[in-house]
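A.B. asks: See query_19.pdb below, with PDB, C-alpha atoms and all ligand atoms.
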```pdb
ATOM      1  CA  MET A 290      30.896  94.350 -78.293
ATOM      2  CA  ILE A 291      28.134  92.316 -79.930
ATOM      3  CA  PHE A 292      28.436  88.583 -79.325
ATOM      4  CA  LEU A 293      27.936  86.692 -82.562
ATOM      5  CA  GLU A 294      26.340  83.318 -82.190
ATOM      6  CA  TYR A 295      27.078  82.081 -85.696
ATOM      7  CA  ILE A 296      30.307  82.082 -87.673
ATOM      8  CA  VAL A 297      28.498  81.323 -90.939
ATOM      9  CA  GLU A 298      24.869  81.667 -91.929
ATOM     10  CA  THR A 299      23.152  81.264 -95.259
ATOM     11  CA  LYS A 300      19.640  82.372 -96.030
ATOM     12  CA  ASP A 301      17.620  80.912 -98.905
ATOM     13  CA  LEU A 302      20.821  80.353-100.869
ATOM     14  CA  LYS A 303      20.368  79.151-104.437
ATOM     15  CA  LYS A 304      22.784  77.940-107.092
ATOM     16  CA  ASN A 305      21.460  77.173-110.510
ATOM     17  CA  TYR A 306      23.795  75.354-112.912
ATOM     18  CA  LYS A 307      22.159  75.885-116.327
ATOM     19  CA  GLY A 308      18.679  74.998-115.120
ATOM     20  CA  PHE A 309      19.776  72.521-112.429
ATOM     21  CA  MET A 310      19.265  73.710-108.834
ATOM     22  CA  ALA A 311      22.330  72.340-107.012
ATOM     23  CA  ASN A 312      21.444  74.436-103.939
ATOM     24  CA  ASP A 313      17.754  75.178-103.688
ATOM     25  CA  GLY A 314      17.073  77.620-100.855
ATOM     26  CA  VAL A 315      19.727  76.571 -98.356
ATOM     27  CA  SER A 316      19.502  78.145 -94.891
ATOM     28  CA  ILE A 317      22.077  77.010 -92.344
ATOM     29  CA  GLN A 318      23.469  78.402 -89.113
ATOM     30  CA  VAL A 319      26.956  77.297 -88.083
ATOM     31  CA  PRO A 320      27.468  78.093 -84.374
ATOM     32  CA  LYS A 321      30.774  79.709 -83.411
ATOM     33  CA  GLY A 322      33.102  77.111 -81.920
ATOM     34  CA  SER A 323      31.116  74.198 -83.338
ATOM     35  CA  ILE A 324      32.097  71.190 -85.381
ATOM     36  CA  PHE A 325      29.318  71.348 -87.930
ATOM     37  CA  GLY A 326      28.679  68.227 -89.988
ATOM     38  CA  LEU A 327      27.056  68.569 -93.398
ATOM     39  CA  ILE A 328      25.589  65.244 -94.428
ATOM     40  CA  GLY A 329      24.024  64.140 -97.673
ATOM     41  CA  ARG A 330      24.240  61.585-100.456
ATOM     42  CA  ASN A 331      26.528  61.953-103.472
ATOM     43  CA  GLY A 332      25.314  64.881-105.537
ATOM     44  CA  ALA A 333      23.173  66.373-102.730
ATOM     45  CA  GLY A 334      24.885  69.755-103.118
ATOM     46  CA  LYS A 335      27.373  69.826-100.227
ATOM     47  CA  THR A 336      30.458  70.841-102.220
ATOM     48  CA  THR A 337      28.369  73.438-104.038
ATOM     49  CA  LEU A 338      27.384  74.996-100.693
ATOM     50  CA  MET A 339      30.994  75.051 -99.515
ATOM     51  CA  LYS A 340      32.136  76.668-102.776
ATOM     52  CA  LEU A 341      29.449  79.347-102.459
ATOM     53  CA  ILE A 342      30.495  80.149 -98.880
ATOM     54  CA  LEU A 343      34.132  80.400 -99.965
ATOM     55  CA  GLY A 344      33.277  82.506-103.005
ATOM     56  CA  PHE A 345      34.752  79.911-105.411
ATOM     57  CA  SER A 346      31.396  79.906-107.133
ATOM     58  CA  ASN A 347      28.817  82.696-107.529
ATOM     59  CA  LYS A 348      25.413  82.315-105.944
ATOM     60  CA  THR A 349      22.264  82.644-108.047
ATOM     61  CA  SER A 350      20.387  84.263-105.145
ATOM     62  CA  GLY A 351      20.123  84.333-101.361
ATOM     63  CA  GLU A 352      22.426  85.541 -98.625
ATOM     64  CA  ILE A 353      25.777  84.462 -97.183
ATOM     65  CA  ILE A 354      26.793  85.882 -93.806
ATOM     66  CA  ILE A 355      30.269  85.251 -92.395
ATOM     67  CA  ASN A 356      31.093  86.596 -88.941
ATOM     68  CA  GLY A 357      28.036  88.813 -89.181
ATOM     69  CA  LYS A 358      29.135  90.366 -92.500
ATOM     70  CA  SER A 359      27.106  90.027 -95.678
ATOM     71  CA  GLU A 360      28.252  92.902 -97.891
ATOM     72  CA  GLU A 361      30.309  91.522-100.786
ATOM     73  CA  LYS A 362      33.450  93.533 -99.949
ATOM     74  CA  GLU A 363      33.339  92.647 -96.245
ATOM     75  CA  LEU A 364      32.593  89.026 -97.113
ATOM     76  CA  TRP A 365      35.879  88.801 -98.992
ATOM     77  CA  GLN A 366      37.731  90.047 -95.917
ATOM     78  CA  GLU A 367      36.004  87.445 -93.762
ATOM     79  CA  ARG A 368      36.786  84.704 -96.292
ATOM     80  CA  GLY A 369      40.443  85.458 -95.604
ATOM     81  CA  ARG A 370      39.832  84.019 -92.107
ATOM     82  CA  ILE A 371      38.645  80.669 -93.502
ATOM     83  CA  GLY A 372      41.002  77.773 -94.215
ATOM     84  CA  SER A 373      39.655  75.173 -96.608
ATOM     85  CA  ILE A 374      40.120  71.941 -98.450
ATOM     86  CA  ILE A 375      37.632  71.426-101.243
ATOM     87  CA  GLU A 376      37.728  68.046-102.944
ATOM     88  CA  VAL A 377      41.341  66.791-103.128
ATOM     89  CA  PRO A 378      44.052  69.242-102.019
ATOM     90  CA  ALA A 379      46.369  70.011-104.943
ATOM     91  CA  PHE A 380      50.160  70.089-104.539
ATOM     92  CA  TYR A 381      53.272  70.153-106.669
ATOM     93  CA  ASP A 382      54.271  66.482-106.571
ATOM     94  CA  GLU A 383      57.932  67.078-107.438
ATOM     95  CA  MET A 384      58.341  69.603-104.620
ATOM     96  CA  SER A 385      58.945  68.674-100.988
ATOM     97  CA  CYS A 386      56.348  68.970 -98.273
ATOM     98  CA  TYR A 387      58.226  72.011 -96.934
ATOM     99  CA  ALA A 388      58.498  73.688-100.358
ATOM    100  CA  ASN A 389      54.793  73.170-101.047
ATOM    101  CA  THR A 390      53.858  74.649 -97.672
ATOM    102  CA  MET A 391      56.269  77.562 -98.162
ATOM    103  CA  TYR A 392      54.694  78.258-101.566
ATOM    104  CA  GLN A 393      51.258  78.495 -99.903
ATOM    105  CA  ALA A 394      52.700  80.480 -96.981
ATOM    106  CA  LYS A 395      54.035  83.177 -99.289
ATOM    107  CA  LEU A 396      50.544  83.644-100.714
ATOM    108  CA  HIS A 397      49.450  84.496 -97.155
ATOM    109  CA  GLY A 398      52.484  86.719 -96.541
ATOM    110  CA  LYS A 399      53.902  84.168 -94.065
ATOM    111  CA  GLY A 400      57.389  82.691 -93.712
ATOM    112  CA  LYS A 401      59.388  79.768 -92.389
ATOM    113  CA  ASN A 402      58.294  80.109 -88.749
ATOM    114  CA  GLU A 403      54.636  79.684 -89.706
ATOM    115  CA  VAL A 404      55.518  76.843 -92.097
ATOM    116  CA  ASN A 405      57.285  74.931 -89.344
ATOM    117  CA  GLU A 406      54.492  75.716 -86.915
ATOM    118  CA  VAL A 407      51.687  74.329 -89.117
ATOM    119  CA  LEU A 408      53.734  71.271 -90.135
ATOM    120  CA  LYS A 409      54.315  70.595 -86.441
ATOM    121  CA  LYS A 410      50.586  70.896 -85.728
ATOM    122  CA  VAL A 411      49.777  68.150 -88.251
ATOM    123  CA  ASP A 412      52.801  66.075 -87.251
ATOM    124  CA  LEU A 413      54.561  66.284 -90.616
ATOM    125  CA  LEU A 414      57.777  68.005 -89.507
ATOM    126  CA  LYS A 415      59.682  64.739 -89.680
ATOM    127  CA  PHE A 416      58.670  64.340 -93.337
ATOM    128  CA  LYS A 417      59.166  67.935 -94.381
ATOM    129  CA  HIS A 418      61.935  67.187 -96.877
ATOM    130  CA  ARG A 419      60.101  64.320 -98.530
ATOM    131  CA  LYS A 420      58.663  64.958-101.992
ATOM    132  CA  VAL A 421      54.878  65.079-101.986
ATOM    133  CA  LYS A 422      54.735  62.449-104.741
ATOM    134  CA  ALA A 423      55.909  59.971-102.075
ATOM    135  CA  PHE A 424      53.151  60.995 -99.644
ATOM    136  CA  SER A 425      50.264  58.696 -98.751
ATOM    137  CA  LEU A 426      46.700  59.965 -99.046
ATOM    138  CA  GLY A 427      46.571  60.557 -95.284
ATOM    139  CA  MET A 428      49.796  62.568 -95.379
ATOM    140  CA  ARG A 429      48.406  64.631 -98.256
ATOM    141  CA  GLN A 430      45.251  65.361 -96.275
ATOM    142  CA  LYS A 431      47.350  66.425 -93.279
ATOM    143  CA  LEU A 432      49.416  68.635 -95.550
ATOM    144  CA  GLY A 433      46.170  70.087 -96.908
ATOM    145  CA  ILE A 434      45.092  70.894 -93.358
ATOM    146  CA  ALA A 435      48.532  72.394 -92.611
ATOM    147  CA  CYS A 436      48.184  74.717 -95.615
ATOM    148  CA  ALA A 437      44.600  75.564 -94.615
ATOM    149  CA  LEU A 438      45.945  76.615 -91.186
ATOM    150  CA  LEU A 439      48.473  79.085 -92.615
ATOM    151  CA  GLY A 440      46.167  82.084 -92.434
ATOM    152  CA  ASN A 441      45.360  81.416 -88.711
ATOM    153  CA  PRO A 442      41.752  80.714 -89.627
ATOM    154  CA  ASP A 443      38.742  81.087 -87.328
ATOM    155  CA  LEU A 444      36.988  78.495 -89.441
ATOM    156  CA  LEU A 445      38.119  75.393 -91.292
ATOM    157  CA  LEU A 446      35.907  74.267 -94.137
ATOM    158  CA  LEU A 447      36.730  70.688 -95.044
ATOM    159  CA  ASP A 448      35.077  68.694 -97.822
ATOM    160  CA  GLU A 449      35.394  64.987 -97.024
ATOM    161  CA  PRO A 450      38.832  65.227 -95.369
ATOM    162  CA  THR A 451      38.891  61.558 -94.351
ATOM    163  CA  ASN A 452      37.731  60.128 -97.677
ATOM    164  CA  GLY A 453      39.795  57.075 -98.597
ATOM    165  CA  LEU A 454      41.944  57.131 -95.436
ATOM    166  CA  ASP A 455      42.791  54.093 -93.321
ATOM    167  CA  PRO A 456      41.430  53.863 -89.747
ATOM    168  CA  VAL A 457      44.686  55.098 -88.185
ATOM    169  CA  ALA A 458      44.862  58.144 -90.466
ATOM    170  CA  ILE A 459      41.166  58.831 -89.825
ATOM    171  CA  SER A 460      41.683  58.830 -86.065
ATOM    172  CA  GLU A 461      44.778  61.043 -86.429
ATOM    173  CA  ILE A 462      42.756  63.580 -88.417
ATOM    174  CA  ARG A 463      39.972  63.360 -85.801
ATOM    175  CA  HIS A 464      42.386  64.130 -82.958
ATOM    176  CA  LEU A 465      43.884  66.966 -84.961
ATOM    177  CA  LEU A 466      40.461  68.509 -85.623
ATOM    178  CA  GLU A 467      39.449  68.100 -81.964
ATOM    179  CA  ASP A 468      42.661  69.833 -80.877
ATOM    180  CA  LEU A 469      42.106  72.702 -83.292
ATOM    181  CA  ASN A 470      38.500  73.012 -82.158
ATOM    182  CA  ARG A 471      39.619  73.181 -78.510
ATOM    183  CA  GLN A 472      41.925  76.019 -79.538
ATOM    184  CA  GLY A 473      38.861  77.908 -80.787
ATOM    185  CA  VAL A 474      38.724  77.005 -84.485
ATOM    186  CA  SER A 475      35.202  76.330 -85.756
ATOM    187  CA  ILE A 476      34.996  73.452 -88.202
ATOM    188  CA  PHE A 477      32.534  72.936 -91.047
ATOM    189  CA  ILE A 478      32.955  69.453 -92.427
ATOM    190  CA  SER A 479      31.260  67.152 -94.910
ATOM    191  CA  SER A 480      31.767  63.420 -94.704
ATOM    192  CA  HIS A 481      30.133  60.147 -95.681
ATOM    193  CA  ILE A 482      31.781  58.375 -92.753
ATOM    194  CA  LEU A 483      28.897  58.843 -90.348
ATOM    195  CA  GLY A 484      30.367  56.881 -87.429
ATOM    196  CA  GLU A 485      33.367  59.184 -87.544
ATOM    197  CA  MET A 486      31.253  62.290 -87.899
ATOM    198  CA  GLU A 487      29.215  61.273 -84.864
ATOM    199  CA  LYS A 488      32.385  61.120 -82.769
ATOM    200  CA  ILE A 489      33.242  64.779 -83.270
ATOM    201  CA  ALA A 490      30.344  66.845 -84.571
ATOM    202  CA  THR A 491      28.406  69.151 -82.266
ATOM    203  CA  ASP A 492      25.817  70.075 -84.894
ATOM    204  CA  TYR A 493      24.439  68.548 -88.079
ATOM    205  CA  ALA A 494      22.610  69.624 -91.210
ATOM    206  CA  PHE A 495      21.156  67.054 -93.604
ATOM    207  CA  MET A 496      20.937  67.871 -97.282
ATOM    208  CA  ILE A 497      18.758  66.183 -99.872
ATOM    209  CA  ASP A 498      18.518  67.357-103.507
ATOM    210  CA  GLY A 499      19.981  70.776-102.767
ATOM    211  CA  LYS A 500      17.746  71.414 -99.747
ATOM    212  CA  ILE A 501      18.454  71.267 -96.009
ATOM    213  CA  VAL A 502      15.789  68.910 -94.732
ATOM    214  CA  LYS A 503      16.850  68.924 -91.077
ATOM    215  CA  SER A 504      19.314  70.636 -88.722
ATOM    216  CA  LEU A 505      19.952  69.442 -85.203
ATOM    217  CA  SER A 506      22.563  69.428 -82.440
ATOM    218  CA  SER A 507      24.413  66.321 -81.247
ATOM    219  CA  LYS A 508      22.443  66.658 -78.001
ATOM    220  CA  GLU A 509      19.167  66.515 -79.941
ATOM    221  CA  LEU A 510      20.454  63.513 -81.881
ATOM    222  CA  LYS A 511      21.203  61.712 -78.609
ATOM    223  CA  GLU A 512      17.752  62.595 -77.294
ATOM    224  CA  SER A 513      16.224  61.035 -80.425
ATOM    225  CA  GLY A 514      17.681  57.698 -79.287
ATOM    226  CA  LYS A 515      19.031  57.047 -82.806
ATOM    227  CA  ASP A 516      22.566  56.932 -84.063
ATOM    228  CA  LEU A 517      23.567  59.237 -86.900
ATOM    229  CA  GLU A 518      23.413  56.566 -89.582
ATOM    230  CA  THR A 519      19.895  55.440 -88.618
ATOM    231  CA  TYR A 520      18.758  59.064 -88.422
ATOM    232  CA  PHE A 521      20.174  59.818 -91.868
ATOM    233  CA  LEU A 522      18.859  56.650 -93.512
ATOM    234  CA  GLU A 523      15.378  57.353 -92.178
ATOM    235  CA  LEU A 524      15.539  60.885 -93.535
ATOM    236  CA  VAL A 525      16.594  59.797 -97.025
ATOM    237  CA  GLY A 526      14.213  56.838 -96.971
ATOM    238  CA  GLY A 527      17.036  54.299 -97.108
ATOM    239  CA  ASN A 528      17.087  50.774 -95.698
ATOM    240  CA  THR A 529      17.738  50.928 -91.968
ATOM    241  CA  ASN A 530      17.885  47.131 -91.517
ATOM    242  CA  GLU A 531      21.320  45.842 -90.579
TER     243      GLU A 531
HETATM  244  P1  LIG B   1      29.511  64.276-103.262
HETATM  245  O1  LIG B   1      29.098  63.741-101.934
HETATM  246  O2  LIG B   1      29.456  63.226-104.330
HETATM  247  O3  LIG B   1      30.802  65.026-103.245
HETATM  248  P2  LIG B   1      27.980  66.762-103.226
HETATM  249  O4  LIG B   1      26.868  66.695-102.239
HETATM  250  O5  LIG B   1      29.207  67.493-102.825
HETATM  251  O6  LIG B   1      28.345  65.307-103.722
HETATM  252  P3  LIG B   1      27.905  68.635-105.424
HETATM  253  O7  LIG B   1      29.274  68.379-105.910
HETATM  254  O8  LIG B   1      27.633  69.912-104.729
HETATM  255  O9  LIG B   1      27.367  67.418-104.548
HETATM  256  O10 LIG B   1      26.949  68.536-106.691
HETATM  257  C1  LIG B   1      25.528  68.779-106.601
HETATM  258  C2  LIG B   1      24.930  68.675-107.982
HETATM  259  O11 LIG B   1      25.340  69.803-108.746
HETATM  260  C3  LIG B   1      25.338  67.432-108.767
HETATM  261  O12 LIG B   1      24.222  66.948-109.476
HETATM  262  C4  LIG B   1      26.398  67.940-109.710
HETATM  263  O13 LIG B   1      26.409  67.201-110.913
HETATM  264  C5  LIG B   1      25.927  69.384-109.964
HETATM  265  N1  LIG B   1      27.070  70.251-110.263
HETATM  266  C6  LIG B   1      28.104  70.518-109.440
HETATM  267  N2  LIG B   1      28.976  71.364-110.033
HETATM  268  C7  LIG B   1      28.476  71.622-111.261
HETATM  269  C8  LIG B   1      28.913  72.414-112.381
HETATM  270  N3  LIG B   1      30.048  73.136-112.310
HETATM  271  N4  LIG B   1      28.121  72.438-113.481
HETATM  272  C9  LIG B   1      26.978  71.750-113.521
HETATM  273  N5  LIG B   1      26.501  70.987-112.531
HETATM  274  C10 LIG B   1      27.238  70.915-111.415
END
```
Please go through the file and, once you have read it, give me the structure as structure tokens.
C.D. replies:
Amino acid sequence: MIFLEYIVETKDLKKNYKGFMANDGVSIQVPKGSIFGLIGRNGAGKTTLMKLILGFSNKTSGEIIINGKSEEKELWQERGRIGSIIEVPAFYDEMSCYANTMYQAKLHGKGKNEVNEVLKKVDLLKFKHRKVKAFSLGMRQKLGIACALLGNPDLLLLDEPTNGLDPVAISEIRHLLEDLNRQGVSIFISSHILGEMEKIATDYAFMIDGKIVKSLSSKELKESGKDLETYFLELVGGNTNE
């Protein structure tokens, strides 16, 4: 058996939106078992990269490799092993938490056992009969993660999962992601909350204007003697004064 070091790789990936290069030659390597943090300012191209990996958007050129597979047909099979939340997870507000999860479960050919299992993982079992319209943002994000877990993914791809959450909800999501990671799920995450990212990420890639300007491990970040925010602000030429 060949040991694969990376769960996702991209090589010189480009996405051109009518003359605008949202991804301009992106090469990343997401180590298997990592928590990989994608960092960049608003509009840097992070969501675009995630959509390309997931196949929600077609690349202009370049290569996407998931679990060592890069042929289009094989890629689609591998994408079935990725759970994701891109932007805000969408639910049927008038339906209960359970009914929404069951709806998603059926799309994966799963049933009530799996629904209960994923709701338990995100600690929403006690709210399963509550309508989603009565859910807080944090509960919605947890429900989004529950649905993303339905296919037993090897990789979770999460676009700003803690955006707008209170500190308690943020720490709950952190513990949940750490637990999942310990169980072997690789996590690819974008976030603007750098202090939070620094607590969990094992690897980082920094994106500016559609390009990856730097990739490094958390160990290398530590060795630099800088915290993540200082490192990022220096890269983007921002003000690093407190
Ligand atoms: P944020 O942190 O604000 O979520 P981001 O890094 O995820 O930003 P993207 O959403 O990938 O950034 O957008 C990158 C650039 O591509 C932006 O300038 C955006 O306007 C542009 N863009 C994204 N989607 C489209 C589209 N469908 N058509 C045209 N331009 C687009």
A.B. asks: Name each residue within 9 Å of ligand LIG 1 (chain B), counting all atoms listed in the file, as a ChimeraX atom specification.
C.D. replies: /A:304-307,309-312,328-340,346,376,448-449,479-481,496-499
A.B. asks: Name the closest residue to Leu413 of chain A among the candidates A:Asn452, A:Asn347, A:Ser385, A:Gln393; distances are taken between atoms, counting only C-alpha atoms.
C.D. replies: A:Ser385
A.B. asks: Atom CA of Glu352 of chain A and atom CA of Asn441 of chain A are how many Å apart?
C.D. replies: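 So the two atoms, atom CA of Glu352 of chain A and atom CA of Asn441 of chain A, lie 25.3 Å apart.
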A.B. asks: Under the rule that only C-alpha atoms are counted, which of A:Ile296, A:Val411, A:Ala423, A:Ala388 is the nearest residue to Leu364 of chain A?
C.D. replies: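 Among the listed residues, A:Ile296 lies closest to Leu364 of chain A.
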A.B. asks: Leu444 of chain A: which residues within 12 Å, counting all atoms listed in the file, same-chain residues fewer than 6 positions away excluded, as an MDAnalysis selection string?
C.D. replies: chainID A and resid 295:297 319:325 342:343 355:356 367:374 434 437:438 466 469:470 472:478
A.B. asks: Provide the atom CA of Glu298 of chain A to atom CA of Gly357 of chain A distance in Å, to one decimal place.
C.D. replies: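 Here the two named atoms are 8.3 Å from each other.
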A.B. asks: Would you output segment 390-499 of chain A from that structure, restricted to C-alpha atoms, as a compact mmCIF listing (two decimals), in the first residue's frame?
C.D. replies:
```txt
# COMPACT_ATOMS: atom_id res chain seq x y z
CA THR A 390 -30.73 16.13 9.29
CA MET A 391 -32.87 13.22 8.07
CA TYR A 392 -33.43 15.04 4.77
CA GLN A 393 -29.65 15.34 4.31
CA ALA A 394 -29.12 11.76 5.53
CA LYS A 395 -31.39 10.36 2.83
CA LEU A 396 -29.28 12.09 0.19
CA HIS A 397 -26.34 10.04 1.52
CA GLY A 398 -28.42 6.84 1.72
CA LYS A 399 -28.33 6.97 5.54
CA GLY A 400 -31.08 6.57 8.13
CA LYS A 401 -32.14 7.35 11.68
CA ASN A 402 -29.18 5.65 13.39
CA GLU A 403 -26.70 7.88 11.56
CA VAL A 404 -28.90 10.94 12.18
CA ASN A 405 -28.91 10.30 15.92
CA GLU A 406 -25.21 9.54 15.87
CA VAL A 407 -24.18 12.82 14.19
CA LEU A 408 -26.58 14.89 16.32
CA LYS A 409 -25.03 13.28 19.40
CA LYS A 410 -21.53 14.13 18.16
CA VAL A 411 -22.39 17.84 17.95
CA ASP A 412 -24.43 17.74 21.16
CA LEU A 413 -27.76 18.63 19.54
CA LEU A 414 -29.73 15.50 20.46
CA LYS A 415 -31.55 17.35 23.21
CA PHE A 416 -32.77 19.92 20.67
CA LYS A 417 -33.60 17.52 17.89
CA HIS A 418 -37.32 18.30 17.86
CA ARG A 419 -36.85 22.05 17.88
CA LYS A 420 -37.56 23.90 14.63
CA VAL A 421 -34.42 25.27 13.03
CA LYS A 422 -35.96 28.76 12.87
CA ALA A 423 -35.55 28.83 16.67
CA PHE A 424 -31.87 27.86 16.49
CA SER A 425 -29.08 30.28 17.38
CA LEU A 426 -26.23 30.85 14.93
CA GLY A 427 -24.00 28.51 16.95
CA MET A 428 -26.64 25.77 16.90
CA ARG A 429 -27.00 26.21 13.14
CA GLN A 430 -23.24 25.86 12.69
CA LYS A 431 -23.26 22.69 14.81
CA LEU A 432 -26.14 21.36 12.74
CA GLY A 433 -24.14 22.21 9.61
CA ILE A 434 -21.23 20.18 10.97
CA ALA A 435 -23.60 17.32 11.88
CA CYS A 436 -24.88 17.22 8.29
CA ALA A 437 -21.31 17.45 6.96
CA LEU A 438 -20.47 14.36 9.06
CA LEU A 439 -23.25 12.22 7.56
CA GLY A 440 -21.10 10.73 4.82
CA ASN A 441 -18.38 9.64 7.35
CA PRO A 442 -15.94 12.05 5.75
CA ASP A 443 -12.14 11.75 5.79
CA LEU A 444 -11.99 15.50 5.38
CA LEU A 445 -14.10 18.38 6.62
CA LEU A 446 -13.90 21.57 4.59
CA LEU A 447 -15.25 24.45 6.63
CA ASP A 448 -15.52 28.05 5.43
CA GLU A 449 -15.51 30.35 8.46
CA PRO A 450 -17.42 27.98 10.78
CA THR A 451 -17.07 30.24 13.82
CA ASN A 452 -18.03 33.50 12.10
CA GLY A 453 -20.39 35.51 14.29
CA LEU A 454 -20.41 33.01 17.19
CA ASP A 455 -20.07 33.91 20.86
CA PRO A 456 -16.96 32.78 22.79
CA VAL A 457 -18.73 29.77 24.32
CA ALA A 458 -20.01 28.54 20.95
CA ILE A 459 -16.56 29.12 19.44
CA SER A 460 -14.89 26.99 22.10
CA GLU A 461 -17.55 24.28 21.69
CA ILE A 462 -16.87 24.15 17.95
CA ARG A 463 -13.12 24.05 18.67
CA HIS A 464 -13.50 21.07 21.00
CA LEU A 465 -15.73 19.34 18.48
CA LEU A 466 -13.19 19.83 15.68
CA GLU A 467 -10.33 18.66 17.92
CA ASP A 468 -12.30 15.53 18.81
CA LEU A 469 -13.06 14.79 15.17
CA ASN A 470 -9.43 15.37 14.25
CA ARG A 471 -8.31 12.93 16.97
CA GLN A 472 -10.67 10.39 15.41
CA GLY A 473 -8.74 10.77 12.15
CA VAL A 474 -10.73 13.42 10.26
CA SER A 475 -8.55 15.95 8.45
CA ILE A 476 -9.87 19.49 8.62
CA PHE A 477 -9.44 22.30 6.10
CA ILE A 478 -10.72 25.52 7.61
CA SER A 479 -10.81 29.21 6.78
CA SER A 480 -11.28 31.76 9.52
CA HIS A 481 -10.62 35.40 10.32
CA ILE A 482 -10.43 34.62 14.03
CA LEU A 483 -6.68 34.14 14.14
CA GLY A 484 -6.36 33.57 17.89
CA GLU A 485 -8.80 30.70 17.55
CA MET A 486 -7.11 29.33 14.47
CA GLU A 487 -3.77 29.34 16.28
CA LYS A 488 -5.24 27.15 19.02
CA ILE A 489 -6.06 24.28 16.69
CA ALA A 490 -4.29 24.49 13.35
CA THR A 491 -1.30 22.29 12.59
CA ASP A 492 -0.57 23.94 9.24
CA TYR A 493 -1.28 27.28 7.59
CA ALA A 494 -1.46 28.77 4.12
CA PHE A 495 -1.71 32.53 3.62
CA MET A 496 -3.54 33.88 0.61
CA ILE A 497 -3.26 37.35 -0.87
CA ASP A 498 -5.03 38.41 -4.09
CA GLY A 499 -5.68 34.85 -5.22
```
